[in-house]
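What's in data_23.tsv: TSV, C-alpha atoms and all ligand atoms
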chain	number	residue	atom	x	y	z
A	1	ALA	CA	27.47	79.76	38.05
A	2	ALA	CA	27.57	83.56	38.35
A	3	ARG	CA	29.57	83.13	41.57
A	4	ALA	CA	32.31	81.13	39.85
A	5	GLN	CA	35.53	82.93	38.90
A	6	ALA	CA	35.58	84.34	35.37
A	7	GLY	CA	37.74	81.53	34.01
A	8	VAL	CA	35.21	78.90	35.10
A	9	GLN	CA	31.98	80.59	34.00
A	10	GLY	CA	32.20	79.61	30.35
A	11	LEU	CA	33.38	76.04	31.00
A	12	LYS	CA	31.55	72.84	30.23
A	13	ALA	CA	32.17	69.74	32.36
A	14	TYR	CA	34.37	67.02	30.81
A	15	ASP	CA	32.29	64.95	28.39
A	16	PRO	CA	33.16	61.26	28.71
A	17	GLY	CA	30.97	60.34	25.72
A	18	HIS	CA	28.36	57.73	26.49
A	19	ASP	CA	26.99	56.58	29.84
A	20	LEU	CA	28.97	53.35	29.95
A	21	VAL	CA	27.51	52.19	33.24
A	22	ALA	CA	24.01	52.30	31.74
A	23	LEU	CA	25.19	50.63	28.52
A	24	ARG	CA	26.94	47.80	30.44
A	25	ARG	CA	23.71	47.19	32.33
A	26	ARG	CA	21.71	47.17	29.10
A	27	PHE	CA	23.94	44.91	26.99
A	28	GLY	CA	25.88	43.00	29.64
A	29	GLU	CA	29.62	43.63	29.86
A	30	ALA	CA	30.56	40.71	27.65
A	31	ASN	CA	28.35	41.94	24.81
A	32	LEU	CA	29.44	45.55	24.86
A	33	VAL	CA	32.36	46.53	22.61
A	34	GLU	CA	33.92	49.51	24.39
A	35	LEU	CA	36.15	51.36	21.97
A	36	GLY	CA	35.50	54.92	23.08
A	37	SER	CA	38.08	55.67	25.77
A	38	ASN	CA	41.46	54.48	24.48
A	39	GLU	CA	41.82	51.85	27.16
A	40	ASN	CA	44.15	48.89	26.91
A	41	PRO	CA	42.24	45.67	26.11
A	42	TYR	CA	45.10	43.47	27.38
A	43	GLY	CA	45.00	44.89	30.90
A	44	PRO	CA	47.90	45.38	33.29
A	45	SER	CA	50.77	43.12	34.21
A	46	PRO	CA	49.73	40.26	36.54
A	47	ALA	CA	52.37	41.63	38.93
A	48	ALA	CA	50.41	44.90	39.14
A	49	ARG	CA	47.20	43.03	39.98
A	50	GLN	CA	49.02	41.09	42.71
A	51	ALA	CA	50.50	44.31	44.12
A	52	VAL	CA	46.99	45.76	44.47
A	53	LEU	CA	45.85	42.64	46.35
A	54	ASP	CA	48.88	42.80	48.65
A	55	SER	CA	48.28	46.49	49.33
A	56	LEU	CA	44.82	45.75	50.74
A	57	GLN	CA	46.46	44.95	54.11
A	58	ALA	CA	47.20	48.65	54.52
A	59	LEU	CA	43.94	50.30	53.48
A	60	HIS	CA	43.59	51.97	56.88
A	61	ARG	CA	46.95	53.75	56.36
A	62	TYR	CA	47.57	56.87	54.34
A	63	PRO	CA	49.76	56.16	51.32
A	64	ASP	CA	53.38	57.35	51.18
A	65	PRO	CA	52.88	61.09	50.51
A	66	LEU	CA	56.14	61.19	48.54
A	67	GLY	CA	55.55	58.05	46.50
A	68	ALA	CA	59.26	57.38	47.03
A	69	ASP	CA	59.35	53.77	45.84
A	70	LEU	CA	57.47	54.49	42.63
A	71	LYS	CA	59.63	57.54	41.96
A	72	ARG	CA	62.77	55.44	42.39
A	73	ALA	CA	61.44	52.88	39.93
A	74	LEU	CA	60.53	55.61	37.44
A	75	ALA	CA	63.94	57.27	37.86
A	76	ARG	CA	65.58	53.95	37.02
A	77	THR	CA	63.31	53.37	34.04
A	78	HIS	CA	63.94	56.79	32.51
A	79	GLY	CA	67.49	57.48	33.67
A	80	VAL	CA	66.57	60.64	35.60
A	81	ASP	CA	66.85	61.74	39.24
A	82	THR	CA	63.88	61.24	41.61
A	83	SER	CA	63.86	65.04	42.16
A	84	GLN	CA	62.80	65.38	38.51
A	85	ILE	CA	59.58	63.40	38.97
A	86	LEU	CA	56.12	64.54	40.08
A	87	LEU	CA	53.31	62.00	40.53
A	88	GLY	CA	49.68	62.79	39.74
A	89	ASN	CA	46.18	61.37	39.96
A	90	GLY	CA	46.37	60.61	36.26
A	91	SER	CA	48.32	62.89	33.94
A	92	HIS	CA	45.06	64.86	33.73
A	93	GLU	CA	45.75	66.21	37.23
A	94	LEU	CA	49.28	67.22	36.26
A	95	LEU	CA	48.10	69.05	33.12
A	96	MET	CA	45.63	70.98	35.29
A	97	LEU	CA	48.27	71.68	37.93
A	98	LEU	CA	50.66	73.05	35.29
A	99	GLY	CA	48.01	75.61	34.33
A	100	GLN	CA	47.32	76.50	37.95
A	101	VAL	CA	50.97	76.92	38.88
A	102	PHE	CA	52.35	78.68	35.82
A	103	ALA	CA	49.49	80.68	34.24
A	104	GLY	CA	47.00	83.22	35.54
A	105	PRO	CA	44.90	86.21	34.49
A	106	GLY	CA	46.72	88.28	31.88
A	107	ASP	CA	48.85	85.33	30.74
A	108	GLU	CA	48.52	83.36	27.51
A	109	VAL	CA	48.62	79.62	26.97
A	110	VAL	CA	49.24	78.30	23.45
A	111	PHE	CA	48.05	75.01	21.96
A	112	SER	CA	46.85	73.50	18.69
A	113	ARG	CA	43.24	73.43	17.43
A	114	TYR	CA	42.91	69.68	17.88
A	115	GLY	CA	45.06	69.46	20.99
A	116	PHE	CA	43.87	67.29	23.89
A	117	ALA	CA	40.71	68.74	25.53
A	118	VAL	CA	42.30	69.18	28.96
A	119	PHE	CA	44.65	71.90	27.60
A	120	ALA	CA	41.68	74.26	27.17
A	121	LEU	CA	40.23	73.30	30.54
A	122	ALA	CA	43.51	73.90	32.37
A	123	THR	CA	43.96	77.29	30.73
A	124	GLN	CA	40.47	78.48	31.52
A	125	ALA	CA	40.53	77.14	35.06
A	126	ALA	CA	43.68	79.20	35.61
A	127	GLY	CA	41.91	82.31	34.31
A	128	ALA	CA	44.50	82.65	31.52
A	129	GLN	CA	43.87	83.42	27.87
A	130	MET	CA	43.74	80.57	25.31
A	131	ARG	CA	45.73	81.07	22.13
A	132	ILE	CA	44.50	78.32	19.82
A	133	VAL	CA	46.70	77.78	16.77
A	134	GLU	CA	45.32	76.41	13.48
A	135	ALA	CA	46.33	72.81	12.88
A	136	LEU	CA	47.76	71.34	9.69
A	137	PRO	CA	45.09	70.91	7.00
A	138	ARG	CA	43.07	67.71	6.53
A	139	GLU	CA	44.94	67.01	3.30
A	140	ALA	CA	48.36	67.10	4.99
A	141	ALA	CA	50.43	63.96	5.52
A	142	MET	CA	49.66	64.46	9.23
A	143	PRO	CA	46.01	65.52	8.90
A	144	CYS	CA	44.92	67.98	11.62
A	145	GLY	CA	48.32	67.50	13.27
A	146	HIS	CA	50.29	70.15	15.08
A	147	ASP	CA	51.68	73.00	12.96
A	148	LEU	CA	54.79	73.47	15.06
A	149	ASP	CA	55.99	76.54	13.15
A	150	ALA	CA	52.63	78.25	13.72
A	151	ILE	CA	52.67	77.27	17.39
A	152	ALA	CA	56.16	78.73	17.85
A	153	ALA	CA	55.10	81.88	15.98
A	154	ALA	CA	52.09	82.33	18.29
A	155	VAL	CA	54.32	82.48	21.38
A	156	GLY	CA	54.64	86.03	22.65
A	157	PRO	CA	55.85	87.92	25.71
A	158	ARG	CA	52.71	87.04	27.68
A	159	THR	CA	52.89	83.32	26.88
A	160	LYS	CA	53.58	81.24	29.97
A	161	LEU	CA	52.78	77.74	28.75
A	162	VAL	CA	52.63	75.76	25.52
A	163	TYR	CA	50.85	72.40	25.53
A	164	VAL	CA	51.74	69.89	22.82
A	165	ALA	CA	50.72	66.22	22.79
A	166	ASN	CA	53.01	63.87	20.84
A	167	PRO	CA	51.44	61.61	19.68
A	168	ASN	CA	48.25	63.68	19.85
A	169	ASN	CA	44.74	62.77	20.97
A	170	PRO	CA	42.27	62.84	19.18
A	171	THR	CA	44.15	62.88	15.86
A	172	GLY	CA	46.71	60.12	16.56
A	173	THR	CA	49.29	62.18	14.66
A	174	TRP	CA	52.90	62.69	15.73
A	175	PHE	CA	56.14	64.43	14.84
A	176	GLY	CA	59.74	63.26	14.76
A	177	ARG	CA	63.08	64.16	16.28
A	178	GLU	CA	64.11	66.91	13.89
A	179	ALA	CA	60.75	68.66	14.15
A	180	LEU	CA	60.87	68.35	17.93
A	181	THR	CA	64.29	69.90	18.40
A	182	ALA	CA	63.72	72.59	15.76
A	183	PHE	CA	60.53	73.53	17.63
A	184	LEU	CA	62.13	73.56	21.08
A	185	ASP	CA	65.07	75.61	19.75
A	186	LYS	CA	62.65	78.33	18.63
A	187	LEU	CA	60.88	78.80	21.95
A	188	PRO	CA	62.10	81.44	24.41
A	189	PRO	CA	63.32	80.09	27.77
A	190	HIS	CA	60.61	81.94	29.75
A	191	VAL	CA	57.95	79.67	28.24
A	192	ILE	CA	57.28	76.25	29.75
A	193	VAL	CA	56.68	73.65	27.07
A	194	VAL	CA	54.50	70.76	28.18
A	195	MET	CA	55.02	67.66	26.08
A	196	ASP	CA	52.06	65.39	26.79
A	197	GLU	CA	53.28	61.88	25.95
A	198	ALA	CA	50.32	59.80	27.14
A	199	TYR	CA	50.76	57.43	24.16
A	200	ALA	CA	54.56	57.52	23.79
A	201	GLU	CA	55.16	53.86	24.72
A	202	MET	CA	52.96	52.81	21.81
A	203	ALA	CA	54.73	54.94	19.20
A	204	ASP	CA	56.99	52.78	17.05
A	205	ALA	CA	57.53	54.94	13.95
A	206	PRO	CA	61.27	55.11	13.29
A	207	ASP	CA	61.18	58.92	13.34
A	208	TYR	CA	59.25	59.24	16.62
A	209	GLU	CA	61.26	60.71	19.47
A	210	SER	CA	60.21	61.25	23.06
A	211	ALA	CA	61.10	64.63	24.51
A	212	LEU	CA	62.59	62.68	27.43
A	213	ASN	CA	65.55	61.97	25.15
A	214	VAL	CA	66.35	65.67	24.75
A	215	LEU	CA	65.31	66.87	28.22
A	216	GLN	CA	68.93	67.59	29.25
A	217	ARG	CA	69.18	70.27	26.58
A	218	TYR	CA	65.96	72.14	27.43
A	219	ALA	CA	65.43	73.46	30.97
A	220	ASN	CA	61.92	74.68	30.08
A	221	VAL	CA	60.44	71.34	28.99
A	222	ALA	CA	58.10	69.23	31.14
A	223	VAL	CA	57.07	65.78	29.89
A	224	THR	CA	53.88	64.09	31.13
A	225	ARG	CA	53.28	60.34	30.92
A	226	THR	CA	50.57	58.02	32.20
A	227	PHE	CA	49.94	54.48	33.42
A	228	SER	CA	46.44	54.62	31.87
A	229	LYS	CA	47.30	53.57	28.32
A	230	ALA	CA	50.21	51.24	27.53
A	231	TYR	CA	50.37	49.96	31.13
A	232	GLY	CA	46.64	49.17	31.17
A	233	LEU	CA	46.02	50.82	34.56
A	234	ALA	CA	43.47	53.53	33.70
A	235	GLY	CA	41.31	52.53	36.67
A	236	LEU	CA	44.01	53.42	39.18
A	237	ARG	CA	44.61	56.97	37.92
A	238	VAL	CA	48.37	57.51	37.92
A	239	GLY	CA	50.39	59.86	35.77
A	240	TYR	CA	53.80	61.45	36.17
A	241	LEU	CA	55.73	64.47	35.05
A	242	ILE	CA	59.45	64.68	34.37
A	243	ALA	CA	61.25	68.02	34.27
A	244	ARG	CA	64.15	69.79	35.92
A	245	PRO	CA	64.09	69.67	39.76
A	246	GLY	CA	63.24	73.37	40.23
A	247	LEU	CA	60.10	73.09	38.13
A	248	VAL	CA	59.00	69.95	39.95
A	249	ALA	CA	59.64	71.56	43.35
A	250	VAL	CA	57.40	74.54	42.64
A	251	MET	CA	54.59	72.24	41.47
A	252	GLU	CA	54.94	70.19	44.67
A	253	ARG	CA	53.74	73.26	46.60
A	254	LEU	CA	50.24	73.03	45.13
A	255	ARG	CA	49.96	69.27	44.80
A	256	GLU	CA	47.35	67.56	46.98
A	257	SER	CA	49.16	65.73	49.78
A	258	PHE	CA	47.97	62.17	49.02
A	259	ASN	CA	47.07	62.50	45.37
A	260	VAL	CA	48.13	58.95	44.46
A	261	ASN	CA	46.57	56.19	46.55
A	262	GLY	CA	48.36	53.21	48.07
A	263	PRO	CA	47.13	50.42	45.78
A	264	ALA	CA	47.96	52.62	42.78
A	265	LEU	CA	51.52	53.32	43.96
A	266	ALA	CA	52.14	49.62	44.52
A	267	ALA	CA	50.63	48.55	41.19
A	268	CYS	CA	52.59	51.05	39.12
A	269	GLU	CA	55.87	50.11	40.76
A	270	ALA	CA	55.16	46.46	39.97
A	271	ALA	CA	54.10	47.32	36.41
A	272	LEU	CA	57.45	49.03	35.79
A	273	GLY	CA	59.16	45.80	36.76
A	274	ASP	CA	57.36	43.86	34.02
A	275	GLY	CA	58.87	45.25	30.83
A	276	GLU	CA	57.91	42.10	28.98
A	277	HIS	CA	54.20	42.67	29.55
A	278	LEU	CA	54.52	46.29	28.39
A	279	ALA	CA	56.41	45.31	25.23
A	280	ASP	CA	53.92	42.55	24.47
A	281	SER	CA	50.94	44.89	24.94
A	282	CYS	CA	52.51	47.51	22.65
A	283	ALA	CA	53.38	44.94	19.99
A	284	ARG	CA	49.83	43.57	19.97
A	285	ASN	CA	48.46	47.10	19.76
A	286	ALA	CA	50.71	47.95	16.80
A	287	GLU	CA	49.65	44.77	14.99
A	288	GLN	CA	45.93	45.39	15.59
A	289	ARG	CA	46.29	49.09	14.74
A	290	ALA	CA	47.70	48.21	11.33
A	291	ALA	CA	45.05	45.52	10.72
A	292	LEU	CA	42.14	47.72	11.79
A	293	SER	CA	43.42	50.71	9.80
A	294	ALA	CA	43.72	48.52	6.70
A	295	ALA	CA	40.25	47.00	7.19
A	296	LEU	CA	38.66	50.44	7.56
A	297	ALA	CA	40.54	51.78	4.52
A	298	GLU	CA	39.35	48.78	2.49
A	299	ARG	CA	35.83	49.93	3.26
A	300	GLY	CA	36.54	53.25	1.60
A	301	LEU	CA	36.99	55.20	4.83
A	302	ARG	CA	39.76	57.72	5.39
A	303	VAL	CA	41.86	56.67	8.37
A	304	PHE	CA	44.25	59.19	9.93
A	305	PRO	CA	47.78	57.89	10.52
A	306	SER	CA	48.24	56.94	14.18
A	307	GLN	CA	51.03	56.10	16.60
A	308	THR	CA	48.58	55.53	19.47
A	309	ASN	CA	45.99	52.94	20.47
A	310	PHE	CA	43.21	54.63	18.51
A	311	VAL	CA	42.49	55.84	14.98
A	312	LEU	CA	40.53	58.86	13.86
A	313	VAL	CA	38.28	58.00	10.92
A	314	GLU	CA	36.26	60.18	8.54
A	315	PHE	CA	32.67	58.98	8.08
A	316	GLY	CA	31.41	62.11	6.31
A	317	ALA	CA	27.80	63.30	6.34
A	318	ASP	CA	26.59	59.95	7.69
A	319	THR	CA	28.67	60.09	10.90
A	320	ALA	CA	25.94	60.79	13.48
A	321	ARG	CA	23.59	58.14	12.07
A	322	ILE	CA	26.34	55.51	12.01
A	323	GLU	CA	27.42	56.34	15.53
A	324	THR	CA	23.89	56.07	16.90
A	325	ALA	CA	23.28	52.80	15.04
A	326	LEU	CA	26.53	51.33	16.42
A	327	VAL	CA	25.63	52.21	20.00
A	328	ALA	CA	22.25	50.54	19.48
A	329	ARG	CA	24.26	47.37	18.64
A	330	GLY	CA	26.48	47.75	21.69
A	331	VAL	CA	29.52	49.20	19.93
A	332	VAL	CA	30.79	52.37	21.60
A	333	LEU	CA	33.08	54.77	19.74
A	334	ARG	CA	33.87	58.41	20.55
A	335	PRO	CA	31.97	61.15	18.70
A	336	MET	CA	34.20	64.09	17.81
A	337	GLY	CA	31.74	66.99	17.64
A	338	GLY	CA	33.24	68.51	20.77
A	339	TYR	CA	36.56	68.83	18.93
A	340	GLY	CA	34.98	70.36	15.83
A	341	LEU	CA	35.48	67.09	13.94
A	342	GLY	CA	31.81	66.12	13.71
A	343	ASP	CA	32.33	64.08	10.52
A	344	CYS	CA	34.83	61.80	12.26
A	345	LEU	CA	34.72	59.10	14.94
A	346	ARG	CA	37.62	58.09	17.13
A	347	ILE	CA	38.00	54.34	17.40
A	348	THR	CA	40.12	52.71	20.09
A	349	VAL	CA	42.15	49.79	18.75
A	350	GLY	CA	40.70	46.79	20.56
A	351	ASP	CA	41.93	43.22	20.64
A	352	ALA	CA	41.37	41.01	17.57
A	353	ASP	CA	37.91	39.92	18.73
A	354	GLU	CA	36.70	43.45	19.54
A	355	ASN	CA	37.93	44.76	16.20
A	356	ARG	CA	36.18	41.95	14.37
A	357	ARG	CA	32.92	42.71	16.18
A	358	LEU	CA	33.30	46.42	15.43
A	359	LEU	CA	33.82	45.77	11.72
A	360	ALA	CA	30.85	43.40	11.54
A	361	ALA	CA	28.59	45.96	13.22
A	362	LEU	CA	29.92	48.69	10.94
A	363	ASP	CA	29.21	46.62	7.83
A	364	ALA	CA	25.69	45.98	9.07
A	365	VAL	CA	24.86	49.63	9.79
A	366	ARG	CA	26.48	50.96	6.58
A	367	ALA	CA	24.85	48.37	4.33
B	1	LIG	N1	46.84	63.24	27.59
B	1	LIG	C1	46.26	62.69	26.53
B	1	LIG	C2	46.74	63.08	25.17
B	1	LIG	C3	45.22	61.77	26.69
B	1	LIG	O1	44.62	61.24	25.61
B	1	LIG	C4	44.79	61.42	27.99
B	1	LIG	C5	43.68	60.42	28.25
B	1	LIG	N2	42.63	60.42	27.38
B	1	LIG	C6	45.42	62.05	29.07
B	1	LIG	C7	46.46	62.93	28.83
B	1	LIG	C8	44.99	61.83	30.48
B	1	LIG	O2	45.14	60.53	30.88
B	1	LIG	P1	45.22	60.13	32.39
B	1	LIG	O3	44.65	61.23	33.23
B	1	LIG	O4	44.43	58.88	32.49
B	1	LIG	O5	46.68	59.94	32.70
Write out the structure in this file as structure tokens.
Ligand code: PMP
Amino acid sequence: AARAQAGVQGLKAYDPGHDLVALRRRFGEANLVELGSNENPYGPSPAARQAVLDSLQALHRYPDPLGADLKRALARTHGVDTSQILLGNGSHELLMLLGQVFAGPGDEVVFSRYGFAVFALATQAAGAQMRIVEALPREAAMPCGHDLDAIAAAVGPRTKLVYVANPNNPTGTWFGREALTAFLDKLPPHVIVVMDEAYAEMADAPDYESALNVLQRYANVAVTRTFSKAYGLAGLRVGYLIARPGLVAVMERLRESFNVNGPALAACEAALGDGEHLADSCARNAEQRAALSAALAERGLRVFPSQTNFVLVEFGADTARIETALVARGVVLRPMGGYGLGDCLRITVGDADENRRLLAALDAVRA
């Protein structure tokens, strides 16, 4: 470790929570209730599955290094030019690449206390300084959400990047159009603002606004999206970034040549063609999110408001015991100690059956 560059020496490897492979072996896949990784229980469009099967003919070929067909489909979907799109091996890769390309030793990167874990990783891997801004208090309407005024105030002459997830993981919280534009108006043009919108398709609050809708007005904004959540394609690892062409072009210089594989390119293009499946998946998620939130609240638990496919829940002093007891029953949630929220668990919204099994297990271990 002493040989690693300074930015890497203090890092811990990404913690995926439990060893799911071992747990699947122990319980059998059908008996395990996996609600720890914010995956989509409804899976991808059948057209995406078929596209993967069709792509197997060409496994001996390198994929299209430009991902031209998928970019064209994304450009159509979002009403942007293909030169504004960068594809990544998950949006995780793009968040890391942003740090690598735009920040370095002596620079600062600003993000919120409970911002997505990769923001800290990307900053440290780049050798830049983290500027972590206090979040809104627990008692706020958006508990532990982003304090956008404080984030803007923390931006200084050495700031190169600001990372903001909307909606945010792990809190599930979000902010609306007025807050978004007021925030972006305050930031100096030399700072690149990364709006991580991994859960945007699932946000249905009337006040939620994607930064894609205001991208024309802000040359310094980069939006990241993913096929891992609403599209149900986490296993294929595809994310994308939308920004102005100059920003995309400079990131292309450091991108790995074949970072998105052939089956993944084909599946995502097909998934974009099945808007009905996406809408259906999001509607079912919203319905289950409301039902699960209500059921947890009925049990006297504090549930954070969410516009995602998970809810953050306060379990208090009993959190670790409950979590361990749930795993022993084959119910996997995500512990939040790594985020400094050790009295909370993050629960992915499953389908009706998974949520029922979660609640039954919870009742048994809390009894
Ligand atoms: N951003 C946020 C806020 C996330 O929660 C996640 C996944 N947990 C990602 C980005 C990365 O997702 P992926 O690499 O699968 O696109």
**Report entry** Env. residues ligand LIG 1 (chain B) / 8 Å / only C-alpha atoms and all ligand atoms / as a ChimeraX atom specification
**Finding:** /A:37-38,89-93,95,115-116,118,165-170,196-199,224-229,234,237-239
Who sits within 8 Å of stretch 30-36 of chain A, only C-alpha atoms, same chain under 6 positions skipped, as an mmCIF file with C-alpha atoms, in the coordinates of the input:
data_model
loop_
_atom_site.group_PDB
_atom_site.id
_atom_site.type_symbol
_atom_site.label_atom_id
_atom_site.label_comp_id
_atom_site.auth_asym_id
_atom_site.auth_seq_id
_atom_site.Cartn_x
_atom_site.Cartn_y
_atom_site.Cartn_z
ATOM 1 C CA GLY A 17 30.970 60.340 25.720
ATOM 2 C CA LEU A 23 25.190 50.630 28.520
ATOM 3 C CA ARG A 24 26.940 47.800 30.440
ATOM 4 C CA GLY A 330 26.480 47.750 21.690
ATOM 5 C CA VAL A 331 29.520 49.200 19.930
ATOM 6 C CA VAL A 332 30.790 52.370 21.600
ATOM 7 C CA LEU A 333 33.080 54.770 19.740
ATOM 8 C CA ARG A 334 33.870 58.410 20.550
ATOM 9 C CA ARG A 346 37.620 58.090 17.130
ATOM 10 C CA ILE A 347 38.000 54.340 17.400
ATOM 11 C CA THR A 348 40.120 52.710 20.090
ATOM 12 C CA VAL A 349 42.150 49.790 18.750
ATOM 13 C CA GLY A 350 40.700 46.790 20.560
ATOM 14 C CA GLU A 354 36.700 43.450 19.540
ATOM 15 C CA ARG A 357 32.920 42.710 16.180
ATOM 16 C CA LEU A 358 33.300 46.420 15.430
#
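Atom pair atom CA of A:Pro105 / atom CA of A:Asp15: separated by 25.5 Å.
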Checklist line | Contacts of A:His146 within 10 Å, only C-alpha atoms, excl. fewer than 2 positions in-chain, as number ranges by chain | finding: A: 111-115, 133-137, 142-144, 148-151, 164-168, 171, 173-175
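In this comparison, which uses only C-alpha atoms, the residue of A:Asp351, A:Asp343, A:Asp147, A:Asp207 approaching A:Arg321 most closely is A:Asp343.
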note - atom CA of A:Ala153 and atom CA of A:Leu215 are separated by 21.9 Å
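Here atom CA of A:Ala320 is placed at a distance of 14.4 Å from atom CA of A:Tyr339.
Shortest separation to A:Gly316 among A:Ala249, A:Leu74, A:Met202, A:Cys344 occurs at residue A:Cys344, atoms counted being all atoms listed in the file.
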Around all of stretch 235-244 of chain A's listed atoms, make the axis-aligned box with 4 Å on each side and tell me centre and edge lengths in Å to one decimal, as AutoDock Vina command-line options.
--center_x 52.7 --center_y 61.2 --center_z 36.7 --size_x 30.8 --size_y 25.3 --size_z 12.9
Mind checking which residues fall within 10 Å of A:Asp185, counting all atoms listed in the file, ignoring those fewer than 3 positions away in the same chain, and posting them as a PDB file with C-alpha atoms, in the frame of the given file?
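The resulting file, result_24.pdb, is shown below:
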ATOM      1  CA  ALA A 152      56.160  78.730  17.850  1.00  0.00           C
ATOM      2  CA  ALA A 179      60.750  68.660  14.150  1.00  0.00           C
ATOM      3  CA  LEU A 180      60.870  68.350  17.930  1.00  0.00           C
ATOM      4  CA  THR A 181      64.290  69.900  18.400  1.00  0.00           C
ATOM      5  CA  ALA A 182      63.720  72.590  15.760  1.00  0.00           C
ATOM      6  CA  PRO A 188      62.100  81.440  24.410  1.00  0.00           C
ATOM      7  CA  PRO A 189      63.320  80.090  27.770  1.00  0.00           C
ATOM      8  CA  ARG A 217      69.180  70.270  26.580  1.00  0.00           C
ATOM      9  CA  TYR A 218      65.960  72.140  27.430  1.00  0.00           C
TER      10      TYR A 218
END
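With all atoms listed in the file as the basis for measurement, A:Gln307 is the residue among A:Gln307, A:Gln50, A:Asn40, A:Thr319 that approaches A:Ala203 most closely.
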Just want the 12 Å neighbourhood of A:Leu296, counted on all atoms listed in the file, with same-chain residues fewer than 5 positions away dropped. Output as a list in words. Gln288, Arg289, Ala290, Ala291, Leu301, Arg302, Val303, Phe304, Val311, Leu312, Val313, Glu314, Phe315, Ile347, Val349, Asn355, Arg356, Leu358, Leu359, Ala360, Leu362 and Asp363 of chain A
Taking C-alpha atoms for each residue, export the selection above as a PDB file, keeping the file's coordinate frame.
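Result went into out23.pdb, see below:
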ATOM      1  CA  GLN A 288      45.930  45.390  15.590  1.00  0.00           C
ATOM      2  CA  ARG A 289      46.290  49.090  14.740  1.00  0.00           C
ATOM      3  CA  ALA A 290      47.700  48.210  11.330  1.00  0.00           C
ATOM      4  CA  ALA A 291      45.050  45.520  10.720  1.00  0.00           C
ATOM      5  CA  LEU A 301      36.990  55.200   4.830  1.00  0.00           C
ATOM      6  CA  ARG A 302      39.760  57.720   5.390  1.00  0.00           C
ATOM      7  CA  VAL A 303      41.860  56.670   8.370  1.00  0.00           C
ATOM      8  CA  PHE A 304      44.250  59.190   9.930  1.00  0.00           C
ATOM      9  CA  VAL A 311      42.490  55.840  14.980  1.00  0.00           C
ATOM     10  CA  LEU A 312      40.530  58.860  13.860  1.00  0.00           C
ATOM     11  CA  VAL A 313      38.280  58.000  10.920  1.00  0.00           C
ATOM     12  CA  GLU A 314      36.260  60.180   8.540  1.00  0.00           C
ATOM     13  CA  PHE A 315      32.670  58.980   8.080  1.00  0.00           C
ATOM     14  CA  ILE A 347      38.000  54.340  17.400  1.00  0.00           C
ATOM     15  CA  VAL A 349      42.150  49.790  18.750  1.00  0.00           C
ATOM     16  CA  ASN A 355      37.930  44.760  16.200  1.00  0.00           C
ATOM     17  CA  ARG A 356      36.180  41.950  14.370  1.00  0.00           C
ATOM     18  CA  LEU A 358      33.300  46.420  15.430  1.00  0.00           C
ATOM     19  CA  LEU A 359      33.820  45.770  11.720  1.00  0.00           C
ATOM     20  CA  ALA A 360      30.850  43.400  11.540  1.00  0.00           C
ATOM     21  CA  LEU A 362      29.920  48.690  10.940  1.00  0.00           C
ATOM     22  CA  ASP A 363      29.210  46.620   7.830  1.00  0.00           C
TER      23      ASP A 363
END
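If you measure from each of A:Tyr14, A:Phe27, A:Tyr42, A:Tyr62 to A:Ala230 using all atoms listed in the file, the closest one turns out to be A:Tyr42.
When only C-alpha atoms are used to measure the gap to A:Val193, the shortest distance among A:Gly145, A:Leu265, A:Leu98, A:Leu59 belongs to A:Leu98.
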Restricting to only C-alpha atoms, whichever of A:Ala75, A:Leu53, A:Leu11, A:Ile242 is closest to A:Leu272 is A:Ala75
TODO: Please provide the set of residues having any atom within 12 Å of stretch 258-262 of chain A, restricted to only C-alpha atoms, with same-chain residues fewer than 5 positions apart removed, written as a count of residues only.
DONE: 40
